[in-house]
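So this one's input-v8.cif, mmCIF, C-alpha atoms:
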```
data_protein
loop_
_atom_site.label_atom_id
_atom_site.label_comp_id
_atom_site.auth_asym_id
_atom_site.auth_seq_id
_atom_site.Cartn_x
_atom_site.Cartn_y
_atom_site.Cartn_z
CA MET J 1 0.00 0.00 0.00
CA THR J 2 1.49 3.32 -1.06
CA LYS J 3 1.58 6.46 1.06
CA ILE J 4 -1.58 8.50 0.63
CA ARG J 5 -1.23 11.75 -1.27
CA PHE J 6 -3.65 14.50 -0.37
CA ARG J 7 -2.35 17.01 -2.91
CA PRO J 8 -4.49 15.84 -5.90
CA MET J 9 -7.68 15.90 -3.81
CA PHE J 10 -6.63 19.27 -2.34
CA TYR J 11 -6.47 20.75 -5.85
CA ILE J 12 -9.91 19.36 -6.70
CA THR J 13 -11.33 20.82 -3.48
CA ILE J 14 -9.80 24.22 -4.27
CA VAL J 15 -11.40 24.17 -7.75
CA ASN J 16 -14.80 23.44 -6.17
CA ILE J 17 -14.49 26.15 -3.52
CA ILE J 18 -13.37 28.82 -6.01
CA GLY J 19 -16.05 27.83 -8.53
CA PHE J 20 -18.94 27.86 -6.06
CA LEU J 21 -17.71 31.07 -4.39
CA MET J 22 -17.75 32.77 -7.80
CA LEU J 23 -21.27 31.47 -8.36
CA PHE J 24 -22.36 32.87 -5.00
CA ILE J 25 -20.67 36.27 -5.49
CA TYR J 26 -21.00 37.01 -9.22
CA CYS J 27 -23.84 34.88 -10.57
CA GLY J 28 -26.77 36.05 -8.46
CA ALA J 29 -26.99 33.09 -6.08
CA SER J 30 -29.11 34.71 -3.35
CA ASP J 31 -28.95 31.85 -0.84
CA PHE J 32 -26.44 29.32 0.44
CA SER J 33 -27.89 26.33 -1.44
CA TYR J 34 -24.99 26.29 -3.88
CA MET J 35 -22.46 26.45 -1.05
CA TYR J 36 -24.21 23.44 0.46
CA SER J 37 -23.78 21.72 -2.91
CA CYS J 38 -20.09 22.58 -2.75
CA LEU J 39 -19.76 21.04 0.72
CA ILE J 40 -21.61 17.90 -0.38
CA LEU J 41 -19.47 17.53 -3.50
CA CYS J 42 -16.17 18.14 -1.69
CA GLY J 43 -17.19 15.84 1.17
CA ILE J 44 -18.18 12.95 -1.10
CA ASN J 45 -15.03 13.31 -3.24
CA THR J 46 -12.73 13.33 -0.22
CA LEU J 47 -14.54 10.45 1.49
CA MET J 48 -14.42 8.42 -1.72
CA TYR J 49 -10.71 9.09 -2.17
CA LEU J 50 -9.90 7.99 1.41
CA LEU J 51 -12.13 4.93 1.10
CA LEU J 52 -10.56 3.85 -2.18
CA TYR J 53 -7.13 4.30 -0.64
CA ARG J 54 -7.95 2.30 2.50
CA LEU J 55 -9.55 -0.51 0.52
CA ASP J 56 -6.70 -0.35 -2.03
CA TYR J 57 -9.24 -0.49 -4.86
CA GLY J 58 -6.97 -0.22 -7.87
CA ASP J 59 -5.82 2.93 -9.65
CA LEU J 60 -6.73 6.06 -7.66
CA TYR J 61 -6.03 8.41 -10.57
CA LEU J 62 -9.06 7.09 -12.45
CA PHE J 63 -11.31 8.43 -9.71
CA LEU J 64 -9.31 11.65 -9.29
CA THR J 65 -9.56 12.47 -12.99
CA SER J 66 -13.28 11.73 -13.17
CA SER J 67 -13.81 13.71 -9.95
CA MET J 68 -12.23 16.81 -11.49
CA LEU J 69 -14.38 16.44 -14.61
CA LEU J 70 -17.49 16.03 -12.46
CA SER J 71 -16.64 19.12 -10.44
CA ILE J 72 -16.25 21.29 -13.53
CA GLY J 73 -19.49 19.92 -14.97
CA ILE J 74 -21.55 20.50 -11.82
CA ILE J 75 -20.19 24.05 -11.41
CA MET J 76 -21.24 24.79 -14.98
CA LEU J 77 -24.66 23.24 -14.44
CA CYS J 78 -25.16 25.47 -11.41
CA ARG J 79 -24.31 28.46 -13.59
CA ILE J 80 -26.78 27.33 -16.27
CA ASP J 81 -29.48 26.94 -13.61
CA LEU J 82 -28.92 30.52 -12.43
CA ALA J 83 -28.91 31.83 -16.01
CA ILE J 84 -32.22 30.11 -16.79
CA GLU J 85 -33.81 31.35 -13.56
CA ALA J 86 -32.76 34.91 -14.34
CA THR J 87 -34.25 34.88 -17.86
CA SER J 88 -37.25 32.56 -17.54
CA THR J 89 -40.30 32.04 -15.36
CA ARG J 90 -39.96 28.25 -15.60
CA ILE J 91 -37.91 27.97 -12.41
CA THR J 92 -39.00 24.40 -11.74
CA GLU J 93 -37.10 23.23 -14.83
CA SER J 94 -33.78 24.80 -13.86
CA ASP J 95 -32.49 22.29 -11.31
CA TYR J 96 -29.94 20.44 -13.43
CA ALA J 97 -27.17 20.75 -10.82
CA THR J 98 -29.29 19.38 -7.97
CA ARG J 99 -30.37 16.38 -10.00
CA GLN J 100 -26.83 15.86 -11.27
CA ILE J 101 -25.48 15.75 -7.70
CA LEU J 102 -28.19 13.21 -6.87
CA TRP J 103 -27.17 11.09 -9.87
CA PHE J 104 -23.55 11.50 -8.79
CA MET J 105 -24.36 10.06 -5.35
CA ILE J 106 -26.22 7.14 -6.95
CA GLY J 107 -23.34 6.70 -9.39
CA ILE J 108 -20.87 6.40 -6.51
CA VAL J 109 -22.87 3.49 -5.09
CA VAL J 110 -23.07 1.88 -8.53
CA TYR J 111 -19.31 2.41 -8.96
CA PHE J 112 -18.48 0.52 -5.74
CA LEU J 113 -20.92 -2.27 -6.57
CA THR J 114 -19.39 -2.60 -10.03
CA VAL J 115 -15.83 -2.79 -8.67
CA PHE J 116 -16.85 -5.38 -6.08
CA VAL J 117 -18.98 -7.58 -8.36
CA PHE J 118 -16.68 -7.45 -11.40
CA SER J 119 -13.60 -8.29 -9.31
CA LYS J 120 -15.32 -11.19 -7.52
CA VAL J 121 -17.29 -12.84 -10.34
CA LYS J 122 -15.14 -14.69 -12.87
CA VAL J 123 -17.63 -15.78 -15.55
CA TRP J 124 -17.84 -12.55 -17.59
CA SER J 125 -15.96 -14.04 -20.54
CA LYS J 126 -18.55 -16.85 -20.85
CA LEU J 127 -21.61 -14.61 -21.18
CA LYS J 128 -21.29 -13.46 -24.78
CA TYR J 129 -24.73 -14.72 -25.79
CA VAL J 130 -26.25 -13.13 -22.69
CA TYR J 131 -24.73 -9.79 -23.75
CA MET J 132 -26.12 -10.25 -27.25
CA PHE J 133 -29.59 -11.04 -25.95
CA LEU J 134 -29.60 -8.04 -23.61
CA CYS J 135 -28.46 -5.73 -26.41
CA ALA J 136 -31.21 -7.03 -28.69
CA ALA J 137 -33.80 -6.73 -25.89
CA LEU J 138 -32.84 -3.12 -25.13
CA ILE J 139 -32.91 -2.15 -28.80
CA ALA J 140 -36.31 -3.81 -29.25
CA ALA J 141 -37.68 -2.15 -26.10
CA THR J 142 -36.52 1.24 -27.36
CA LEU J 143 -38.17 0.69 -30.74
CA ILE J 144 -41.44 -0.39 -29.11
CA PHE J 145 -41.68 1.89 -26.08
CA GLY J 146 -39.22 4.64 -26.96
CA ARG J 147 -39.99 8.31 -27.44
CA GLU J 148 -38.55 10.33 -30.30
CA VAL J 149 -36.54 13.38 -29.18
CA ASN J 150 -34.77 15.69 -31.66
CA GLY J 151 -35.15 13.21 -34.50
CA SER J 152 -33.78 10.19 -32.59
CA LYS J 153 -35.87 7.51 -30.91
CA ASN J 154 -33.56 6.75 -28.03
CA TRP J 155 -35.48 7.49 -24.81
CA ILE J 156 -37.83 5.36 -22.70
CA VAL J 157 -40.09 7.25 -20.30
CA ILE J 158 -41.02 5.49 -17.04
CA GLY J 159 -43.17 7.75 -14.88
CA SER J 160 -41.19 10.92 -14.25
CA MET J 161 -37.89 9.28 -15.26
CA THR J 162 -36.34 9.05 -18.72
CA ILE J 163 -33.86 6.31 -19.52
CA GLN J 164 -31.46 6.16 -22.45
CA PRO J 165 -30.90 2.44 -23.20
CA SER J 166 -28.09 3.18 -25.68
CA GLU J 167 -25.82 4.01 -22.71
CA ILE J 168 -26.25 0.47 -21.34
CA ILE J 169 -26.05 -1.04 -24.84
CA LYS J 170 -22.64 0.58 -25.24
CA ILE J 171 -21.31 -1.24 -22.15
CA LEU J 172 -22.86 -4.60 -23.06
CA TYR J 173 -21.48 -4.21 -26.58
CA CYS J 174 -17.93 -3.72 -25.26
CA LEU J 175 -18.21 -6.71 -22.94
CA CYS J 176 -19.58 -8.84 -25.77
CA ILE J 177 -16.97 -8.08 -28.43
CA SER J 178 -14.27 -8.56 -25.78
CA CYS J 179 -15.37 -12.20 -25.51
CA TYR J 180 -14.27 -12.62 -29.13
CA PHE J 181 -11.20 -10.42 -29.25
CA SER J 182 -9.74 -11.98 -26.10
CA LYS J 183 -9.46 -15.28 -28.01
CA LEU J 184 -7.47 -13.74 -30.85
CA PRO J 185 -3.64 -13.81 -30.92
CA GLY J 186 -3.61 -10.10 -30.07
CA PHE J 187 -0.37 -8.97 -28.43
CA ASP J 188 0.99 -12.51 -28.25
CA SER J 189 2.37 -13.41 -31.68
CA LYS J 190 3.20 -16.98 -30.55
CA LYS J 191 -0.37 -17.81 -29.59
CA LYS J 192 -1.78 -20.47 -31.90
CA ASP J 193 -5.07 -19.93 -33.64
CA LYS J 194 -7.22 -23.02 -32.91
CA ARG J 195 -10.61 -21.57 -33.77
CA LYS J 196 -13.24 -23.48 -35.76
CA ARG J 197 -13.60 -22.43 -39.38
CA ILE J 198 -16.13 -22.63 -42.17
CA MET J 199 -14.47 -22.45 -45.61
CA LYS J 200 -11.32 -21.11 -43.90
CA ILE J 201 -13.33 -18.35 -42.20
CA PRO J 202 -13.22 -18.34 -38.37
CA VAL J 203 -16.76 -18.90 -37.09
CA ASP J 204 -16.40 -16.42 -34.25
CA GLU J 205 -15.39 -13.67 -36.70
CA ILE J 206 -18.58 -14.27 -38.68
CA VAL J 207 -20.70 -14.11 -35.53
CA LEU J 208 -18.84 -11.00 -34.36
CA CYS J 209 -19.41 -9.18 -37.66
CA VAL J 210 -23.10 -10.06 -37.69
CA PHE J 211 -23.51 -8.79 -34.12
CA VAL J 212 -21.58 -5.56 -34.67
CA TYR J 213 -23.37 -4.55 -37.86
CA ALA J 214 -26.75 -5.62 -36.50
CA CYS J 215 -26.28 -3.27 -33.53
CA MET J 216 -25.02 -0.46 -35.74
CA GLY J 217 -27.79 -0.93 -38.28
CA ALA J 218 -30.57 -1.05 -35.68
CA LEU J 219 -29.32 2.11 -33.95
CA ALA J 220 -28.65 4.06 -37.13
CA LEU J 221 -31.55 3.02 -39.34
CA PHE J 222 -34.42 2.44 -36.92
CA GLN J 223 -33.59 4.70 -33.98
CA LYS J 224 -31.65 7.31 -36.03
CA GLU J 225 -29.04 7.23 -33.26
CA TRP J 226 -26.07 7.92 -35.52
CA GLY J 227 -23.79 9.13 -32.73
CA THR J 228 -23.93 5.85 -30.81
CA ALA J 229 -23.75 3.82 -34.03
CA LEU J 230 -20.59 5.72 -35.03
CA LEU J 231 -19.15 5.15 -31.56
CA LEU J 232 -19.80 1.39 -31.74
CA PHE J 233 -18.06 1.17 -35.08
CA MET J 234 -15.04 3.17 -33.87
CA ILE J 235 -14.68 0.84 -30.87
CA TYR J 236 -14.86 -2.20 -33.14
CA PHE J 237 -12.45 -0.74 -35.68
CA ALA J 238 -9.91 0.18 -32.98
CA MET J 239 -10.10 -3.30 -31.47
CA CYS J 240 -9.57 -4.85 -34.92
CA PHE J 241 -6.50 -2.66 -35.28
CA VAL J 242 -5.07 -3.71 -31.91
CA TYR J 243 -5.77 -7.41 -32.29
CA LYS J 244 -4.65 -9.59 -35.17
CA THR J 245 -7.80 -10.12 -37.16
CA SER J 246 -7.78 -11.98 -40.46
CA ASN J 247 -7.58 -10.27 -43.85
CA LEU J 248 -11.05 -11.60 -44.63
CA LEU J 249 -12.46 -9.79 -41.60
CA LYS J 250 -10.94 -6.57 -42.90
CA LEU J 251 -12.66 -7.10 -46.26
CA ILE J 252 -15.94 -7.83 -44.52
CA ASN J 253 -15.55 -4.63 -42.54
CA ILE J 254 -15.02 -2.59 -45.68
CA GLY J 255 -18.05 -4.19 -47.31
CA GLY J 256 -20.11 -3.69 -44.17
CA ILE J 257 -19.23 0.00 -44.00
CA VAL J 258 -20.19 0.53 -47.63
CA PHE J 259 -23.44 -1.41 -47.24
CA VAL J 260 -24.58 0.35 -44.05
CA GLY J 261 -23.59 3.70 -45.55
CA LEU J 262 -25.55 3.16 -48.76
CA VAL J 263 -28.63 1.80 -47.01
CA GLY J 264 -28.52 4.63 -44.50
CA PHE J 265 -28.15 7.22 -47.25
CA PHE J 266 -31.14 5.95 -49.23
CA LEU J 267 -33.41 5.49 -46.22
CA LEU J 268 -32.43 8.60 -44.29
CA ALA J 269 -31.14 10.94 -46.99
CA ASP J 270 -32.97 13.98 -45.61
CA HIS J 271 -31.92 13.37 -42.01
CA ILE J 272 -28.24 12.87 -42.91
CA GLY J 273 -28.28 15.68 -45.45
CA VAL J 274 -29.45 18.22 -42.87
CA ARG J 275 -26.65 17.24 -40.48
CA VAL J 276 -23.97 17.37 -43.18
CA SER J 277 -25.22 20.67 -44.61
CA ALA J 278 -25.26 22.24 -41.15
CA TRP J 279 -21.70 21.05 -40.63
CA GLN J 280 -20.41 22.28 -44.00
CA ASP J 281 -22.04 25.72 -43.89
CA PRO J 282 -24.14 26.44 -40.79
CA TRP J 283 -24.68 30.05 -41.90
CA GLN J 284 -26.73 28.84 -44.85
CA ASP J 285 -29.60 28.17 -42.42
CA ALA J 286 -28.53 30.25 -39.43
CA SER J 287 -31.95 30.27 -37.79
CA GLY J 288 -32.67 26.59 -38.46
CA SER J 289 -30.38 23.59 -38.74
CA GLY J 290 -27.22 25.65 -38.31
CA TYR J 291 -28.38 27.56 -35.23
CA GLN J 292 -26.87 25.18 -32.65
CA ILE J 293 -23.38 25.05 -34.12
CA ILE J 294 -23.33 28.82 -34.78
CA GLN J 295 -24.23 29.60 -31.15
CA SER J 296 -21.62 27.11 -30.01
CA LEU J 297 -18.86 28.71 -32.10
CA ILE J 298 -19.89 32.21 -30.99
CA ALA J 299 -19.77 31.13 -27.34
CA ILE J 300 -16.31 29.58 -27.69
CA ALA J 301 -14.94 32.56 -29.62
CA SER J 302 -16.38 35.13 -27.19
CA GLY J 303 -14.75 33.36 -24.26
CA GLY J 304 -11.25 33.61 -25.68
CA TYR J 305 -8.38 31.98 -23.81
CA PHE J 306 -9.38 32.98 -20.28
CA GLY J 307 -13.19 33.24 -20.58
CA VAL J 308 -15.54 36.08 -19.79
CA GLY J 309 -15.89 34.86 -16.20
CA LEU J 310 -18.65 32.99 -14.39
CA GLY J 311 -21.76 35.12 -14.53
CA ASN J 312 -20.71 37.26 -17.49
CA GLY J 313 -21.63 34.92 -20.33
CA MET J 314 -24.90 33.72 -21.82
CA PRO J 315 -24.88 29.91 -21.56
CA GLN J 316 -28.68 29.85 -21.91
CA ALA J 317 -28.25 31.16 -25.48
CA VAL J 318 -26.59 27.90 -26.52
CA PRO J 319 -29.20 25.17 -27.19
CA PHE J 320 -28.79 22.10 -24.97
CA ALA J 321 -25.97 23.80 -23.06
CA GLU J 322 -26.51 21.37 -20.17
CA THR J 323 -26.01 18.25 -22.31
CA ASP J 324 -24.61 18.23 -25.86
CA PHE J 325 -23.08 21.73 -25.79
CA ILE J 326 -21.79 22.00 -22.23
CA PHE J 327 -18.22 22.16 -23.56
CA ALA J 328 -19.08 25.37 -25.44
CA ALA J 329 -20.66 26.88 -22.31
CA ILE J 330 -17.56 26.03 -20.28
CA CYS J 331 -15.25 27.58 -22.88
CA GLU J 332 -17.34 30.78 -22.94
CA GLU J 333 -17.19 31.51 -19.21
CA MET J 334 -14.04 29.62 -18.15
CA GLY J 335 -12.00 30.06 -21.32
CA MET J 336 -10.38 27.84 -23.92
CA PHE J 337 -7.57 27.06 -21.47
CA THR J 338 -10.16 25.30 -19.31
CA GLY J 339 -11.38 23.53 -22.45
CA PHE J 340 -7.79 22.41 -23.14
CA ALA J 341 -7.52 21.24 -19.52
CA ILE J 342 -10.69 19.14 -19.90
CA ILE J 343 -9.28 17.51 -23.04
CA LEU J 344 -6.01 16.79 -21.21
CA LEU J 345 -7.99 15.21 -18.35
CA TYR J 346 -9.64 12.87 -20.85
CA PHE J 347 -6.21 12.09 -22.30
CA LEU J 348 -5.00 11.24 -18.80
CA LEU J 349 -8.06 9.08 -18.13
CA THR J 350 -7.54 7.24 -21.43
CA TYR J 351 -3.81 6.83 -20.78
CA ARG J 352 -4.35 5.35 -17.33
CA GLY J 353 -7.01 3.01 -18.68
CA ILE J 354 -4.78 1.76 -21.51
CA LYS J 355 -1.93 1.28 -19.06
CA ILE J 356 -4.19 -0.80 -16.80
CA SER J 357 -5.28 -2.88 -19.80
CA LEU J 358 -1.73 -3.59 -20.91
CA LYS J 359 -0.68 -4.69 -17.42
CA SER J 360 -3.54 -7.15 -16.98
CA ASN J 361 -2.61 -10.85 -17.25
CA ASP J 362 -6.18 -11.96 -17.94
CA GLU J 363 -6.94 -11.82 -21.67
CA TYR J 364 -10.63 -11.06 -21.23
CA LEU J 365 -10.08 -8.36 -18.61
CA LYS J 366 -7.41 -6.87 -20.85
CA SER J 367 -9.78 -6.76 -23.82
CA ALA J 368 -12.81 -5.54 -21.82
CA SER J 369 -10.96 -2.67 -20.13
CA LEU J 370 -9.36 -1.65 -23.42
CA SER J 371 -12.69 -1.54 -25.25
CA LEU J 372 -14.27 0.55 -22.48
CA VAL J 373 -11.35 2.99 -22.45
CA ILE J 374 -11.61 3.29 -26.23
CA ALA J 375 -15.34 3.98 -25.81
CA ILE J 376 -14.69 6.84 -23.38
CA GLY J 377 -11.95 8.29 -25.59
CA PHE J 378 -13.92 8.17 -28.83
CA GLN J 379 -17.12 9.42 -27.19
CA THR J 380 -15.18 12.47 -25.99
CA PHE J 381 -13.75 13.02 -29.46
CA ILE J 382 -17.15 12.71 -31.17
CA ILE J 383 -18.97 15.21 -28.94
CA ILE J 384 -16.17 17.78 -28.66
CA GLY J 385 -15.47 17.41 -32.38
CA GLY J 386 -19.12 18.17 -33.12
CA VAL J 387 -19.22 21.17 -30.78
CA ILE J 388 -16.16 22.80 -32.38
CA LYS J 389 -17.34 21.90 -35.92
CA LEU J 390 -14.54 19.42 -36.56
CA ILE J 391 -17.04 16.69 -37.50
CA PRO J 392 -20.83 16.66 -38.05
CA LEU J 393 -22.75 17.03 -34.81
CA THR J 394 -24.14 13.92 -33.11
CA GLY J 395 -26.30 13.78 -30.01
CA ILE J 396 -24.15 12.05 -27.40
CA THR J 397 -22.98 13.31 -24.03
CA LEU J 398 -19.60 14.31 -22.64
CA PRO J 399 -18.73 11.64 -20.01
CA PHE J 400 -18.87 12.84 -16.38
CA VAL J 401 -19.48 16.46 -17.48
CA SER J 402 -22.82 16.61 -19.34
CA TYR J 403 -26.10 16.45 -17.48
CA GLY J 404 -27.90 13.11 -17.54
CA GLY J 405 -28.64 10.24 -15.21
CA SER J 406 -28.18 7.46 -17.77
CA SER J 407 -24.87 8.93 -18.91
CA MET J 408 -23.65 9.37 -15.34
CA LEU J 409 -24.49 5.81 -14.29
CA ALA J 410 -23.02 4.33 -17.49
CA SER J 411 -19.80 6.33 -17.03
CA PHE J 412 -19.44 5.12 -13.44
CA ILE J 413 -20.08 1.51 -14.48
CA MET J 414 -17.36 1.76 -17.13
CA LEU J 415 -14.99 3.40 -14.64
CA GLY J 416 -15.83 0.71 -12.09
CA ILE J 417 -15.00 -2.11 -14.51
CA ILE J 418 -11.65 -0.53 -15.42
CA THR J 419 -10.90 0.01 -11.70
CA ALA J 420 -11.82 -3.63 -10.99
CA VAL J 421 -9.32 -4.76 -13.63
CA SER J 422 -6.55 -2.71 -12.00
CA PHE J 423 -7.61 -4.03 -8.57
CA SER J 424 -7.57 -7.66 -9.77
CA ASP J 425 -4.16 -7.22 -11.34
CA ARG J 426 -2.73 -5.60 -8.19
CA LYS J 427 -4.26 -8.34 -6.02
CA ALA J 428 -2.78 -11.08 -8.23
CA LYS J 429 0.73 -9.64 -7.88
CA LYS J 430 0.63 -9.65 -4.06
#
```
In structure tokens, what does this structure look like?
Amino acid sequence: MTKIRFRPMFYITIVNIIGFLMLFIYCGASDFSYMYSCLILCGINTLMYLLLYRLDYGDLYLFLTSSMLLSIGIIMLCRIDLAIEATSTRITESDYATRQILWFMIGIVVYFLTVFVFSKVKVWSKLKYVYMFLCAALIAATLIFGREVNGSKNWIVIGSMTIQPSEIIKILYCLCISCYFSKLPGFDSKKKDKRKRIMKIPVDEIVLCVFVYACMGALALFQKEWGTALLLFMIYFAMCFVYKTSNLLKLINIGGIVFVGLVGFFLLADHIGVRVSAWQDPWQDASGSGYQIIQSLIAIASGGYFGVGLGNGMPQAVPFAETDFIFAAICEEMGMFTGFAIILLYFLLTYRGIKISLKSNDEYLKSASLSLVIAIGFQTFIIIGGVIKLIPLTGITLPFVSYGGSSMLASFIMLGIITAVSFSDRKAKK
């Protein structure tokens, strides 16, 4: 057990105190409710850090990095709440920060349960057909009971709660494809390939391709959830690059991409065309399809390197500033340097996750943690790339920063699995 270091948590606490003090002084917070939020956030983060240290639950920097991202996100959500309350009479709708802190507390419990269960149970690599069934069931449930929001049918409403099944599908998908990739030669060039074949084609590669493109096709064509479909493909493509797949699989991938692309273009030409046109020239329809990206670029540009300061911007002018465009709202009031810092935090989170994956001696745990880290990295790239107009905009969230219960819980589950892998590896070396 290494000596505990309070300095990283001290820095996170300082960021929270400064951020919430600025909200209280400059942003019109007339009561101490936001300072109570600060105390709750700082208390939970510190308690979690000490608990993880005492239990020796794997890599502490995974939690520290996600804790900093969460702190920045909740501070920004508090600012958005205050901005909405100041410009709208719909006060009951402006409680994103309160609900996010509640989801954070639930996520902490889910995180510990995930670390405990995933490190104790050893049958995850044998459940590939269970993962497939659950993915299919969630997709079918979304198609049957889902509600269409902003052109995508990806929400299920249960009472006063809304659930986004694609967040859980993403995790199950990673665990499922890891069952196949963990059996490939991968990093070990001396490992013999003893898989069953049909006409020299490995059977598991055929099943894997069918599963991957079925998930992508269902999400893209039926739910119009192109962001998650793109993410699933990028995870699969990266895993194919890391592991030694056959040349035939590469040809199948190329054919699959062309097929899905052509079918998607013919069936959803208008939907895709609007997204691409808004990306190429948002000013062509500045009050319509290009409005979101234009407001995002204006917010980022007006913030400059150091930002206009908390309370001096207009985050409510950016559509969906609490979810899809929270990165633009952060850059406006906290500056592009804060935006660069957020990107570096994701780089650090990805680096630590890849390092944990490479150190693992269990092939399935190695593959599962790697696929989940790739998912976090590519999800960050897709949403930030869309906000800054690097790629066409897709409706996915920024992990640990954007508002959303489904996103928060899914992010903590993924973090918990990666932490469990580091914990299992550390325990095996003792």
| Non-local contacts of range 47-57 of chain J (8 Å; only C-alpha atoms; under 4 positions in same chain excluded) as a PyMOL selection string | chain J and resi 1+4+9+43+63-64+115+419-420+422-423
| query | With only C-alpha atoms as the basis for distance, which of J:Leu345, J:Cys331, J:Leu23, J:Ile14 is at the shortest distance from Ala83 in chain J? | reply |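 For Ala83 in chain J, the nearest of the given residues is J:Leu23.
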| What do you get, as a ChimeraX atom specification, if you spell out every residue that the PyMOL selection byres ((chain J and resi 407) around 12) selects here? | /J:100,103-104,107,162-171,323-324,376,379,396-406,408-414
Keeping C-alpha atoms, export the residues of the selection given above as a short mmCIF file (atom, residue, chain, number, x, y, z; two decimals), in the frame of the given file.
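Everything below was put into part04.cif:
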```
data_model
loop_
_atom_site.label_atom_id
_atom_site.label_comp_id
_atom_site.auth_asym_id
_atom_site.auth_seq_id
_atom_site.Cartn_x
_atom_site.Cartn_y
_atom_site.Cartn_z
CA GLN J 100 -26.83 15.86 -11.27
CA TRP J 103 -27.17 11.09 -9.87
CA PHE J 104 -23.55 11.50 -8.79
CA GLY J 107 -23.34 6.70 -9.39
CA THR J 162 -36.34 9.05 -18.72
CA ILE J 163 -33.86 6.31 -19.52
CA GLN J 164 -31.46 6.16 -22.45
CA PRO J 165 -30.90 2.44 -23.20
CA SER J 166 -28.09 3.18 -25.68
CA GLU J 167 -25.82 4.01 -22.71
CA ILE J 168 -26.25 0.47 -21.34
CA ILE J 169 -26.05 -1.04 -24.84
CA LYS J 170 -22.64 0.58 -25.24
CA ILE J 171 -21.31 -1.24 -22.15
CA THR J 323 -26.01 18.25 -22.31
CA ASP J 324 -24.61 18.23 -25.86
CA ILE J 376 -14.69 6.84 -23.38
CA GLN J 379 -17.12 9.42 -27.19
CA ILE J 396 -24.15 12.05 -27.40
CA THR J 397 -22.98 13.31 -24.03
CA LEU J 398 -19.60 14.31 -22.64
CA PRO J 399 -18.73 11.64 -20.01
CA PHE J 400 -18.87 12.84 -16.38
CA VAL J 401 -19.48 16.46 -17.48
CA SER J 402 -22.82 16.61 -19.34
CA TYR J 403 -26.10 16.45 -17.48
CA GLY J 404 -27.90 13.11 -17.54
CA GLY J 405 -28.64 10.24 -15.21
CA SER J 406 -28.18 7.46 -17.77
CA MET J 408 -23.65 9.37 -15.34
CA LEU J 409 -24.49 5.81 -14.29
CA ALA J 410 -23.02 4.33 -17.49
CA SER J 411 -19.80 6.33 -17.03
CA PHE J 412 -19.44 5.12 -13.44
CA ILE J 413 -20.08 1.51 -14.48
CA MET J 414 -17.36 1.76 -17.13
#
```
Taking the file as shown, find all residues satisfying the PyMOL selection byres ((chain J and resi 114) around 10) and write them as a compact mmCIF listing (two decimals) with C-alpha atoms, in the coordinates of the input.
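Output saved as part_23.txt:
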```txt
# COMPACT_ATOMS: atom_id res chain seq x y z
CA ILE J 108 -20.87 6.40 -6.51
CA VAL J 109 -22.87 3.49 -5.09
CA VAL J 110 -23.07 1.88 -8.53
CA TYR J 111 -19.31 2.41 -8.96
CA PHE J 112 -18.48 0.52 -5.74
CA LEU J 113 -20.92 -2.27 -6.57
CA VAL J 115 -15.83 -2.79 -8.67
CA PHE J 116 -16.85 -5.38 -6.08
CA VAL J 117 -18.98 -7.58 -8.36
CA PHE J 118 -16.68 -7.45 -11.40
CA SER J 119 -13.60 -8.29 -9.31
CA LYS J 120 -15.32 -11.19 -7.52
CA PHE J 412 -19.44 5.12 -13.44
CA ILE J 413 -20.08 1.51 -14.48
CA MET J 414 -17.36 1.76 -17.13
CA LEU J 415 -14.99 3.40 -14.64
CA GLY J 416 -15.83 0.71 -12.09
CA ILE J 417 -15.00 -2.11 -14.51
CA ILE J 418 -11.65 -0.53 -15.42
CA THR J 419 -10.90 0.01 -11.70
CA ALA J 420 -11.82 -3.63 -10.99
```
Might you spell out which residues the PyMOL selection byres ((chain J and resi 306-321) around 6) would select in the displayed file, as a CSV table (one decimal) with C-alpha atoms, in the frame of the given file?
```
chain,number,residue,atom,x,y,z
J,26,TYR,CA,-21.0,37.0,-9.2
J,27,CYS,CA,-23.8,34.9,-10.6
J,292,GLN,CA,-26.9,25.2,-32.6
J,295,GLN,CA,-24.2,29.6,-31.2
J,303,GLY,CA,-14.8,33.4,-24.3
J,304,GLY,CA,-11.2,33.6,-25.7
J,305,TYR,CA,-8.4,32.0,-23.8
J,322,GLU,CA,-26.5,21.4,-20.2
J,323,THR,CA,-26.0,18.2,-22.3
J,324,ASP,CA,-24.6,18.2,-25.9
J,325,PHE,CA,-23.1,21.7,-25.8
J,326,ILE,CA,-21.8,22.0,-22.2
J,329,ALA,CA,-20.7,26.9,-22.3
J,332,GLU,CA,-17.3,30.8,-22.9
J,333,GLU,CA,-17.2,31.5,-19.2
J,334,MET,CA,-14.0,29.6,-18.2
J,335,GLY,CA,-12.0,30.1,-21.3
```
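Our summary of the geometry notes that CA of Pro282 in chain J is positioned 24.6 Å from CA of Leu221 in chain J.
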| said: List the spatial neighbours of Leu134 in chain J as a ChimeraX atom specification - criterion: any atom at most 9 Å away, only C-alpha atoms, same-chain residues fewer than 4 positions off excluded. | reply: /J:129-130,138-139,169,172
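The spacing separating CA of Lys126 in chain J from CA of Tyr364 in chain J amounts to 9.8 Å.
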| request: Skip Leu348 in chain J itself and residues of its chain fewer than 6 positions away, then list as a count of residues only all residues within 9 Å of it, counting all atoms listed in the file. | output: 3
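Between CA of Met234 in chain J and CA of Phe378 in chain J the interatomic distance comes to 7.2 Å.
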| field | Given all atoms listed in the file as the counted atoms, nearest of J:Tyr243, J:Phe337, J:Tyr36, J:Phe381 to Leu393 in chain J | value |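 The closest residue to Leu393 in chain J is J:Phe381.
Proximity of J:Leu21, J:Ile44, J:Met132, J:Ile391 to Ser277 in chain J, computed with all atoms listed in the file, is greatest for J:Ile391.
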